[in-house]
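Undergrad: Mind having a look at this structure? Questions to follow.
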Amino acid sequence: MKKLAIVLSLASVVGAAWAAQIQDYPIRPVPFTAVRVEDSFWSPRMETNRLTTVWYDFKKCEETGRIDNFAKAGKLMPGQFRGTPFDDSDVFKVIEGAAYTLALHPDEKLDHYLDDLIVKIAAAQEPDGYLYTARTIDPKCRLDFFGPTRWSKLEGSHELYNLGHLYEAAVAHFQARDKRTLLNVALKSAELICKTFGPGPDQLKEPPGHEEIEIGLVKLFRATGERKYLDQARFFCDIRGRADTHKLRGPYQQDHKPIVDQDEAVGHSVRAGYLYSGVADVAALTGDTAYVSAIDRLWDNVVSKKIHLTGGIGASPDGEAFGANYDLPNATAYLETCAAIANALWNERMFLLHGDAKYLDVLERVIYNGFLSGVALTGDRFFYPNPLESDGKATFNMGSCERAPWFGCSCCPVNDVRFIPEIASFIYATRGNDLFVNLFIGGSARLDLSGTPVELKLATRYPRDGAIAINVGVNGPKEFTLNLRIPGWELSKPLPSDLYRYGDGLNPKVKLAVNGKAVPLNLEKGFAKIARTWKSGDTVSLDLEMPVRKVVAHPAVVADRDRFAFERGPLVFCAEGADNDGKVLDKILAGKLHFQTDWRANLLGGVVATRVSAMDSRNSLTLIPYYAWGNRGPNEMRVWFPTSQTVKSSSRESSREALAQLPSPLKPKVE
Ligand SMILES: [Zn+2]
């Protein structure tokens with residue numbers, strides 16, 4: 001831990017050197033290394049990730065030849081390339097996740113495992129820095145993916161995508177272990193990239209086929225202070241959609257028009273989410289206002305027309321892509337787990353840029369629902385798509401009707417493993433004398449507020465209930481503003497748009513008190529601000545009333561017409577066959593509904609289950625949190641419940657024909 005502190009302080013010295021010329025996000029996250037999570041909801045998931053998923057994913061990478069590919073490219077063993085060229089990135093992503101866990105939990109076995117693995121990766125790197133095991137093993141092995149020469153088929157090769165994950169892993173490993181082994185590989189690679197791609201006469205002027213290297217280059221810039229990595233990230237963002245530099249590849253790769261002219265989220269949703277995150281980073285670091293306007297417009301489009309209630313994005317299985325505006329089907333919704341992660345990473349950056357809690361409303365919805373559904377409670381079974389309905393038979397999960405142990409393209413399981421530890425870095429943030437509490441996750445944080453150390457302790461059983469207690473620790477009185485996020489769901493706005501609304505007229509109460517004395521809700525950009533001189537032992541209590549809410553979708557969403565969904569706090573509910581005699585798809589919830597919520601400690605790791613009964617019919621259902629479904633084998637599952645027989649029998653949940661029949665003021669743009 002001491003070593004880690006030295007590395008971090010070195011990084012901040014380097015940071016101070018460039019801070020003079022470079023801007024940055026006005027709000028700074030409190031890194032997860034300064035946060036201790038002791039939370040009844042998240043700690044078990046983080047421990048499962050550390051103790052099970054990290055090792056499980058490495059084992060799968062071994063079994064499937066992903067790790068041997070590095071050894072083969074490095075001539076440490078004989079053999080042919082096995083798998084798909086983008087498999088290299090899977091190994092980098094597990095290393096990133098492993099490094100995050102090592103930063104908090106020293107583990108000699110894991111540390112040595114990484115050392116051995118990094119030897120293989122370094123051996124696979126060609127002398128000039130090129131790293132792409134498939135071509136190095138056999139330049140002709142997968143010409144269906146890559147071109148006959150380096151970088152000659154960027155639209156499909158993933159040569160640059162893999163490197164983005166290498167850079168993220170290398171920075172994580174360097175910061176966690178104070179070892180430069182993987183960082184040296186990354187820097188050597190980045191030198192080659194900066195030399196090869198750029199505006200110069202002999203340089204290539206093409207964007208990566210799958211965005212990700214933009215985020216990785218910014219991380220290399222932050223770790224080293226080398227401006228050229230930031231410039232390179234900017235180059236890759238700038239060149240996308242520029243017909244004067246290359247043959248455009250179209251909307252699937254967001255390469256249909258320059259990023260500053262884009263206003264609708266289109267194409268492959270993971271690519272898009274990573275691009276928008278990279279653009280946000282570059283915008284924050286360079287102060288480019290045209291970039292900010294572009295991602296603001298794209299965000300408005302996603303949040304008002306292209307996001308599911310679970311926070312999932314990328315509705316269409318066709319190209320793993322965004323659908324048309326308001327085309328948000330349920331059973332056929334794709335909503336890749338990686339896209340949920342990309343969406344969360346993007347919204348975190350939007351918050352750091354603008355300081356508005358509305359971005360955290362999206363982030364919270366993603367992490368408690370459409371992301372978390374991707375990993376089984378056991379940590380070793382996964383969903384790739386995350387639909388909002390299943391008949392228990394359709395093989396929606398890459399050929400399976402239930403959670404799978406792995407996938408041919410296994411991007412999601414290895415993304416989960418690196419994302420879960422990162423959640424701790426979304427909880428707190430600072431801006432000068434402002435301290436933000438963004439998420440209600442129990443534990444403590446030590447942070448620096450304009451040179452003064454502050455310690456916060458947060459106790460809660462959220463999302464089981466909405467009682468939150470925060471204890472302040474300071475050395476002597478300190479004046480600062482505590483900004484507590486009041487979630488949108490508490491202020492009767494499920495998402496910051498008109499895409500979903502609560503259809504029950506309830507008005508849940510918020511109570512805020514300091515040292516037991518009620519204080520008014522001084523709301524600004526979604527935060528309750530408490531400005532005062534704080535003393536050690538001061539306590540803040542926030543009480544968020546958490547009734548079950550009935551959600552209605554915008555009438556343009558055909559799939560959800562005459563249907564309700566239910567949620568409580570940040571959790572979207574679903575009904576699963578396992579709690580309902582095997583049947584949920586035949587239920588109609590008409591008329592006045594009655595809810596009864598119960599804490600069930602022994603169900604699915606502990607959940608608040610809700611019994612919903614329709615007064616005027618025999619229909620009733622037990623609801624569980626959406627994230628917990630699919631842990632008991634193939635099952636019927638539903639999030640949006642019909643209110644009449646006609647809806648129940650309708651199979652037309654997303655057809656363009658149905659969209660075309662909308663009354664004209666509601667008619668969304670259909671391309
Ligand atoms: Zn994925």
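Identifiers in the structure tokens: chain A, B, ... in order shown; residue index from 1 per chain; ligand index from 1 in order shown.
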Show me, as a list in words, the residues that have an atom within 6 Å of stretch 177-194 of chain A when counting only C-alpha atoms, minus same-chain residues fewer than 3 positions from it.

TA: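 The residues satisfying every condition are Gly129, Tyr130, Tyr167, Ala170, His173, Phe174 and Phe197 of chain A.
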
Undergrad: What do you get as a PyMOL selection string if you pick all residues at most 8 Å from ligand 1, counting only C-alpha atoms and all ligand atoms?

TA: chain A and resi 270+336-339+384+409-413+415

Undergrad: Could the residues in this selection be saved with N, CA, C and O atoms as an mmCIF file, in the first residue's frame?

TA:
```cif
data_model
loop_
_atom_site.group_PDB
_atom_site.id
_atom_site.type_symbol
_atom_site.label_atom_id
_atom_site.label_comp_id
_atom_site.auth_asym_id
_atom_site.auth_seq_id
_atom_site.Cartn_x
_atom_site.Cartn_y
_atom_site.Cartn_z
ATOM 1 N N VAL A 270 -21.561 -0.234 -28.578
ATOM 2 C CA VAL A 270 -20.346 -0.227 -27.745
ATOM 3 C C VAL A 270 -19.324 0.729 -28.367
ATOM 4 O O VAL A 270 -18.712 1.551 -27.661
ATOM 5 N N GLU A 336 -26.370 -5.090 -25.193
ATOM 6 C CA GLU A 336 -25.151 -5.803 -24.802
ATOM 7 C C GLU A 336 -24.608 -5.278 -23.471
ATOM 8 O O GLU A 336 -24.638 -4.077 -23.201
ATOM 9 N N THR A 337 -24.109 -6.191 -22.652
ATOM 10 C CA THR A 337 -23.544 -5.782 -21.358
ATOM 11 C C THR A 337 -22.423 -4.754 -21.564
ATOM 12 O O THR A 337 -22.320 -3.775 -20.809
ATOM 13 N N CYS A 338 -21.576 -4.953 -22.584
ATOM 14 C CA CYS A 338 -20.510 -3.983 -22.868
ATOM 15 C C CYS A 338 -21.078 -2.596 -23.175
ATOM 16 O O CYS A 338 -20.451 -1.583 -22.858
ATOM 17 N N ALA A 339 -22.246 -2.548 -23.822
ATOM 18 C CA ALA A 339 -22.843 -1.254 -24.150
ATOM 19 C C ALA A 339 -23.311 -0.552 -22.877
ATOM 20 O O ALA A 339 -23.218 0.675 -22.758
ATOM 21 N N TYR A 384 -24.840 -11.826 -22.480
ATOM 22 C CA TYR A 384 -24.253 -10.900 -23.462
ATOM 23 C C TYR A 384 -25.342 -9.879 -23.810
ATOM 24 O O TYR A 384 -25.213 -8.712 -23.474
ATOM 25 N N CYS A 409 -17.146 -14.764 -28.926
ATOM 26 C CA CYS A 409 -16.691 -13.381 -28.718
ATOM 27 C C CYS A 409 -17.042 -13.071 -27.272
ATOM 28 O O CYS A 409 -18.198 -12.895 -26.933
ATOM 29 N N SER A 410 -16.047 -13.059 -26.398
ATOM 30 C CA SER A 410 -16.338 -13.004 -24.964
ATOM 31 C C SER A 410 -16.023 -11.639 -24.344
ATOM 32 O O SER A 410 -15.580 -11.543 -23.196
ATOM 33 N N CYS A 411 -16.311 -10.598 -25.111
ATOM 34 C CA CYS A 411 -16.034 -9.228 -24.667
ATOM 35 C C CYS A 411 -16.725 -8.888 -23.346
ATOM 36 O O CYS A 411 -16.171 -8.154 -22.529
ATOM 37 N N CYS A 412 -17.945 -9.415 -23.143
ATOM 38 C CA CYS A 412 -18.722 -8.986 -21.976
ATOM 39 C C CYS A 412 -18.165 -9.519 -20.643
ATOM 40 O O CYS A 412 -17.939 -8.725 -19.721
ATOM 41 N N PRO A 413 -17.930 -10.844 -20.513
ATOM 42 C CA PRO A 413 -17.414 -11.324 -19.218
ATOM 43 C C PRO A 413 -16.118 -10.628 -18.789
ATOM 44 O O PRO A 413 -15.905 -10.385 -17.596
ATOM 45 N N ASN A 415 -15.275 -7.607 -19.654
ATOM 46 C CA ASN A 415 -15.555 -6.197 -19.377
ATOM 47 C C ASN A 415 -16.133 -6.058 -17.974
ATOM 48 O O ASN A 415 -15.824 -5.113 -17.240
#
```

Undergrad: Let's see if you can do this: from backbone DSSP, list all alpha helix (DSSP H) residues in stretch 387-521 of chain A, as a ChimeraX atom specification.

TA: /A:411-422

Undergrad: If DSSP is run on the backbone, what residues of stretch 410-599 of chain A are strand (DSSP E or B)? A reply as a PyMOL selection string would be ideal.

TA: chain A and resi 428-431+434-437+443-449+452-460+467-474+478-485+500-502+510-514+517-518+523-524+527-534+539-544+548-553+563-568+571-576+593-599

Undergrad: Tell me which protein, DNA and RNA residues are within 7 Å of stretch 302-306 of chain A, counting only C-alpha atoms, leaving out same-chain ones fewer than 5 positions away, and put them as a compact mmCIF listing (two decimals) with N, CA and C atoms, in the first residue's frame.

TA:
```
# COMPACT_ATOMS: atom_id res chain seq x y z
N ALA A 265 -27.43 9.20 -32.06
CA ALA A 265 -26.60 8.04 -31.75
C ALA A 265 -26.97 6.92 -32.71
N ILE A 313 -28.50 0.24 -23.68
CA ILE A 313 -28.53 0.90 -24.99
C ILE A 313 -28.11 -0.11 -26.07
N ASN A 325 -35.21 6.02 -33.43
CA ASN A 325 -35.76 6.71 -32.28
C ASN A 325 -37.03 6.00 -31.81
N TYR A 326 -37.16 5.78 -30.53
CA TYR A 326 -38.30 5.15 -29.87
C TYR A 326 -38.47 3.67 -30.20
N LEU A 328 -37.80 0.56 -29.10
CA LEU A 328 -37.25 -0.03 -27.87
C LEU A 328 -38.01 -1.32 -27.54
N SER A 497 -35.66 12.91 -19.04
CA SER A 497 -36.28 13.14 -20.35
C SER A 497 -37.75 12.76 -20.21
N ASP A 498 -38.51 12.84 -21.30
CA ASP A 498 -39.92 12.44 -21.22
C ASP A 498 -40.14 11.01 -21.73
N LEU A 499 -39.06 10.24 -21.84
CA LEU A 499 -39.18 8.89 -22.38
C LEU A 499 -39.98 7.97 -21.44
```

Undergrad: Just the residues within 8 Å of stretch 613-625 of chain A, please, counting only C-alpha atoms, with nothing from its chain fewer than 2 positions along; format it as a short mmCIF file (atom, residue, chain, number, x, y, z; two decimals) with N, CA, C and O atoms, in the first residue's frame.

TA:
```cif
data_model
loop_
_atom_site.label_atom_id
_atom_site.label_comp_id
_atom_site.auth_asym_id
_atom_site.auth_seq_id
_atom_site.Cartn_x
_atom_site.Cartn_y
_atom_site.Cartn_z
N ASN A 369 -29.05 -2.07 -12.84
CA ASN A 369 -30.01 -2.84 -13.65
C ASN A 369 -29.35 -3.48 -14.87
O ASN A 369 -28.89 -4.60 -14.80
N LEU A 571 -33.97 0.38 -8.46
CA LEU A 571 -34.10 -0.96 -9.03
C LEU A 571 -35.36 -1.13 -9.87
O LEU A 571 -36.47 -0.88 -9.39
N VAL A 572 -35.16 -1.56 -11.10
CA VAL A 572 -36.27 -1.94 -11.97
C VAL A 572 -36.66 -3.37 -11.60
O VAL A 572 -35.79 -4.22 -11.38
N PHE A 573 -37.97 -3.62 -11.51
CA PHE A 573 -38.43 -4.97 -11.19
C PHE A 573 -38.72 -5.78 -12.45
O PHE A 573 -39.01 -5.22 -13.51
N CYS A 574 -38.66 -7.09 -12.29
CA CYS A 574 -39.19 -7.98 -13.32
C CYS A 574 -39.93 -9.10 -12.60
O CYS A 574 -39.79 -9.26 -11.38
N ALA A 575 -40.72 -9.85 -13.33
CA ALA A 575 -41.30 -11.08 -12.77
C ALA A 575 -40.64 -12.24 -13.47
O ALA A 575 -40.43 -12.21 -14.68
N GLU A 576 -40.28 -13.24 -12.70
CA GLU A 576 -39.61 -14.40 -13.28
C GLU A 576 -40.43 -15.65 -12.95
O GLU A 576 -41.02 -15.76 -11.87
N ASP A 579 -40.58 -17.58 -9.46
CA ASP A 579 -41.35 -17.12 -8.30
C ASP A 579 -42.85 -17.14 -8.57
O ASP A 579 -43.64 -16.71 -7.73
N ASN A 580 -43.23 -17.57 -9.78
CA ASN A 580 -44.63 -17.42 -10.19
C ASN A 580 -45.17 -18.69 -10.87
O ASN A 580 -45.81 -18.60 -11.92
N VAL A 584 -45.26 -16.16 -16.27
CA VAL A 584 -45.48 -14.73 -16.07
C VAL A 584 -46.04 -14.05 -17.32
O VAL A 584 -46.63 -12.98 -17.23
N LYS A 587 -49.94 -13.06 -17.62
CA LYS A 587 -50.58 -12.23 -16.60
C LYS A 587 -50.93 -10.84 -17.14
O LYS A 587 -50.14 -10.23 -17.85
N ILE A 588 -52.11 -10.38 -16.75
CA ILE A 588 -52.56 -9.03 -17.11
C ILE A 588 -52.80 -8.26 -15.82
O ILE A 588 -53.51 -8.74 -14.93
N LEU A 589 -52.20 -7.11 -15.70
CA LEU A 589 -52.35 -6.33 -14.46
C LEU A 589 -53.26 -5.14 -14.73
O LEU A 589 -52.80 -4.03 -14.98
N ALA A 590 -54.56 -5.40 -14.69
CA ALA A 590 -55.53 -4.35 -14.99
C ALA A 590 -56.11 -3.78 -13.70
O ALA A 590 -56.12 -4.45 -12.67
N GLY A 591 -56.60 -2.55 -13.78
CA GLY A 591 -57.29 -1.93 -12.65
C GLY A 591 -56.33 -1.50 -11.55
O GLY A 591 -55.13 -1.38 -11.75
N LYS A 592 -56.91 -1.29 -10.37
CA LYS A 592 -56.11 -0.80 -9.25
C LYS A 592 -55.17 -1.91 -8.77
O LYS A 592 -55.56 -3.06 -8.64
N LEU A 593 -53.94 -1.53 -8.51
CA LEU A 593 -52.95 -2.52 -8.10
C LEU A 593 -52.58 -2.34 -6.64
O LEU A 593 -52.54 -1.22 -6.13
N HIS A 594 -52.30 -3.46 -6.03
CA HIS A 594 -51.89 -3.44 -4.62
C HIS A 594 -50.48 -4.03 -4.52
O HIS A 594 -50.20 -5.05 -5.14
N PHE A 595 -49.61 -3.38 -3.76
CA PHE A 595 -48.24 -3.85 -3.63
C PHE A 595 -47.91 -4.22 -2.19
O PHE A 595 -48.31 -3.53 -1.26
N VAL A 607 -32.99 -9.96 -1.51
CA VAL A 607 -33.67 -8.97 -2.35
C VAL A 607 -34.94 -8.48 -1.65
O VAL A 607 -35.51 -9.18 -0.82
N VAL A 608 -35.35 -7.27 -2.01
CA VAL A 608 -36.68 -6.82 -1.65
C VAL A 608 -37.60 -7.29 -2.77
O VAL A 608 -37.47 -6.86 -3.91
N ALA A 609 -38.46 -8.24 -2.45
CA ALA A 609 -39.40 -8.74 -3.45
C ALA A 609 -40.73 -8.03 -3.25
O ALA A 609 -41.03 -7.57 -2.15
N THR A 610 -41.48 -7.91 -4.31
CA THR A 610 -42.76 -7.23 -4.23
C THR A 610 -43.85 -8.12 -4.80
O THR A 610 -43.69 -8.71 -5.86
N ARG A 611 -44.93 -8.21 -4.05
CA ARG A 611 -46.10 -8.94 -4.55
C ARG A 611 -47.05 -7.89 -5.11
O ARG A 611 -47.47 -6.98 -4.39
N TYR A 627 -31.93 -7.18 -12.10
CA TYR A 627 -30.54 -7.65 -12.18
C TYR A 627 -30.41 -9.11 -11.73
O TYR A 627 -29.46 -9.79 -12.10
N ALA A 628 -31.36 -9.56 -10.89
CA ALA A 628 -31.23 -10.89 -10.28
C ALA A 628 -31.86 -12.00 -11.10
O ALA A 628 -31.77 -13.17 -10.73
N TRP A 629 -32.47 -11.67 -12.23
CA TRP A 629 -33.16 -12.73 -12.99
C TRP A 629 -32.11 -13.61 -13.67
O TRP A 629 -30.95 -13.24 -13.85
#
```

Undergrad: Neighbours of A:Ile137 within 10 Å (only C-alpha atoms; same-chain residues fewer than 6 positions away dropped), as a list in words?

TA: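 The neighbour list is Asn69, Phe70, Ala71, Lys72, Ala73, Gly74, Lys75, Pro78, Gly79, Gln80, Phe81, Arg82 and Ala124 of chain A.
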
Undergrad: If we count only C-alpha atoms, what is near A:Ile295 at a cut-off of 12 Å, once residues fewer than 2 positions away on the same chain are taken out, given as an MDAnalysis selection string?

TA: chainID A and resid 259:265 272:284 288:293 297:303 346:347 349:350 353:354

Undergrad: Pick the closest to A:Val454 from A:Ile239, A:Val474, A:Val437, A:Val54: which is it, counting only C-alpha atoms?

TA: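 For A:Val454, the nearest of the candidates is A:Val474.
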
Undergrad: Would you pick out the contacts of A:Lys247 at 9 Å or less, using only C-alpha atoms, so that residues sharing its chain but fewer than 5 positions from it are not included, and give the list as a list in words?

TA: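 So, after excluding close chain neighbours, the residues are Glu206, Gly241 and Arg242 of chain A.
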
Undergrad: Keeping N, CA and C atoms for every residue in the selection just given, could you write it to a file as an mmCIF file, in the first residue's frame?

TA:
```
data_model
loop_
_atom_site.group_PDB
_atom_site.id
_atom_site.type_symbol
_atom_site.label_atom_id
_atom_site.label_comp_id
_atom_site.auth_asym_id
_atom_site.auth_seq_id
_atom_site.Cartn_x
_atom_site.Cartn_y
_atom_site.Cartn_z
ATOM 1 N N GLU A 206 -6.708 7.389 -41.106
ATOM 2 C CA GLU A 206 -7.923 6.566 -41.005
ATOM 3 C C GLU A 206 -8.297 6.396 -39.545
ATOM 4 N N GLY A 241 -15.472 10.221 -39.780
ATOM 5 C CA GLY A 241 -16.488 10.885 -40.593
ATOM 6 C C GLY A 241 -15.938 11.941 -41.540
ATOM 7 N N ARG A 242 -14.628 11.973 -41.685
ATOM 8 C CA ARG A 242 -14.018 12.998 -42.558
ATOM 9 C C ARG A 242 -13.724 12.403 -43.936
#
```

Undergrad: Using Å and a single decimal, report how far atom CA of A:Ala445 sits from atom CA of A:Arg36.

TA: 6.1 Å

Undergrad: State, in Å with one decimal place, the distance from atom CA of A:Val30 to atom CA of A:Ser43.

TA: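 Going from atom CA of A:Val30 over to atom CA of A:Ser43, I get 18.2 Å.
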
Undergrad: Could I get the residues of stretch 57-168 of chain A with an atom no further than 12 Å from an atom of stretch 44-47 of chain A, each paired with its nearest atom pair and that distance in Å to one decimal, using only C-alpha atoms, sorted by chain and residue number, as CSV?

TA:
```
residue,atom,partner,partner_atom,distance
A:Gly97,CA,A:Met46,CA,10.9
A:Ala98,CA,A:Met46,CA,11.8
A:Tyr100,CA,A:Met46,CA,10.9
A:Thr101,CA,A:Met46,CA,8.9
A:Leu104,CA,A:Met46,CA,11.4
A:His105,CA,A:Glu47,CA,10.4
```

Undergrad: Taking N, CA, C and O atoms for each residue, export the selection above as a compact mmCIF listing (two decimals), in the first residue's frame.

TA:
```txt
# COMPACT_ATOMS: atom_id res chain seq x y z
N GLY A 97 -8.81 -5.57 -14.79
CA GLY A 97 -9.64 -5.90 -13.62
C GLY A 97 -8.82 -6.45 -12.47
O GLY A 97 -9.00 -6.08 -11.31
N ALA A 98 -7.87 -7.35 -12.81
CA ALA A 98 -7.02 -7.94 -11.78
C ALA A 98 -6.18 -6.86 -11.10
O ALA A 98 -5.99 -6.87 -9.87
N TYR A 100 -6.94 -3.71 -10.69
CA TYR A 100 -7.79 -2.93 -9.78
C TYR A 100 -7.96 -3.67 -8.46
O TYR A 100 -7.93 -3.06 -7.39
N THR A 101 -8.15 -4.98 -8.53
CA THR A 101 -8.35 -5.71 -7.27
C THR A 101 -7.04 -5.74 -6.47
O THR A 101 -7.05 -5.63 -5.25
N LEU A 104 -6.17 -2.82 -4.06
CA LEU A 104 -6.79 -2.79 -2.74
C LEU A 104 -6.51 -4.03 -1.91
O LEU A 104 -6.56 -3.99 -0.69
N HIS A 105 -6.24 -5.14 -2.59
CA HIS A 105 -6.05 -6.41 -1.88
C HIS A 105 -4.77 -7.07 -2.37
O HIS A 105 -4.80 -7.77 -3.37
```

Undergrad: So which one's closest to A:Arg365, A:Val519, A:Pro494, A:Asp255, A:Glu389? Using only C-alpha atoms, please.

TA: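 Comparing A:Val519, A:Pro494, A:Asp255, A:Glu389 against A:Arg365, the winner is A:Pro494.
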
Undergrad: Expressed in Å to a single decimal, how great is the separation between atom CA of A:Leu160 and atom CA of A:Val417?

TA: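 That distance, rounded to one decimal, is 21.5 Å.
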
Undergrad: So which one's closest to A:Glu211, A:Arg227, A:Lys493, A:Arg638, A:Arg271? Using only C-alpha atoms, please.

TA: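 The shortest atom-to-atom distance to A:Glu211 comes from A:Arg271.
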
Undergrad: Counting only C-alpha atoms, figure out which residue out of A:Lys478, A:Lys509, A:Lys257, A:Arg28 gets nearest to A:Gly466.

TA: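 Of A:Lys478, A:Lys509, A:Lys257, A:Arg28, the one nearest A:Gly466 is A:Lys509, counting only C-alpha atoms.
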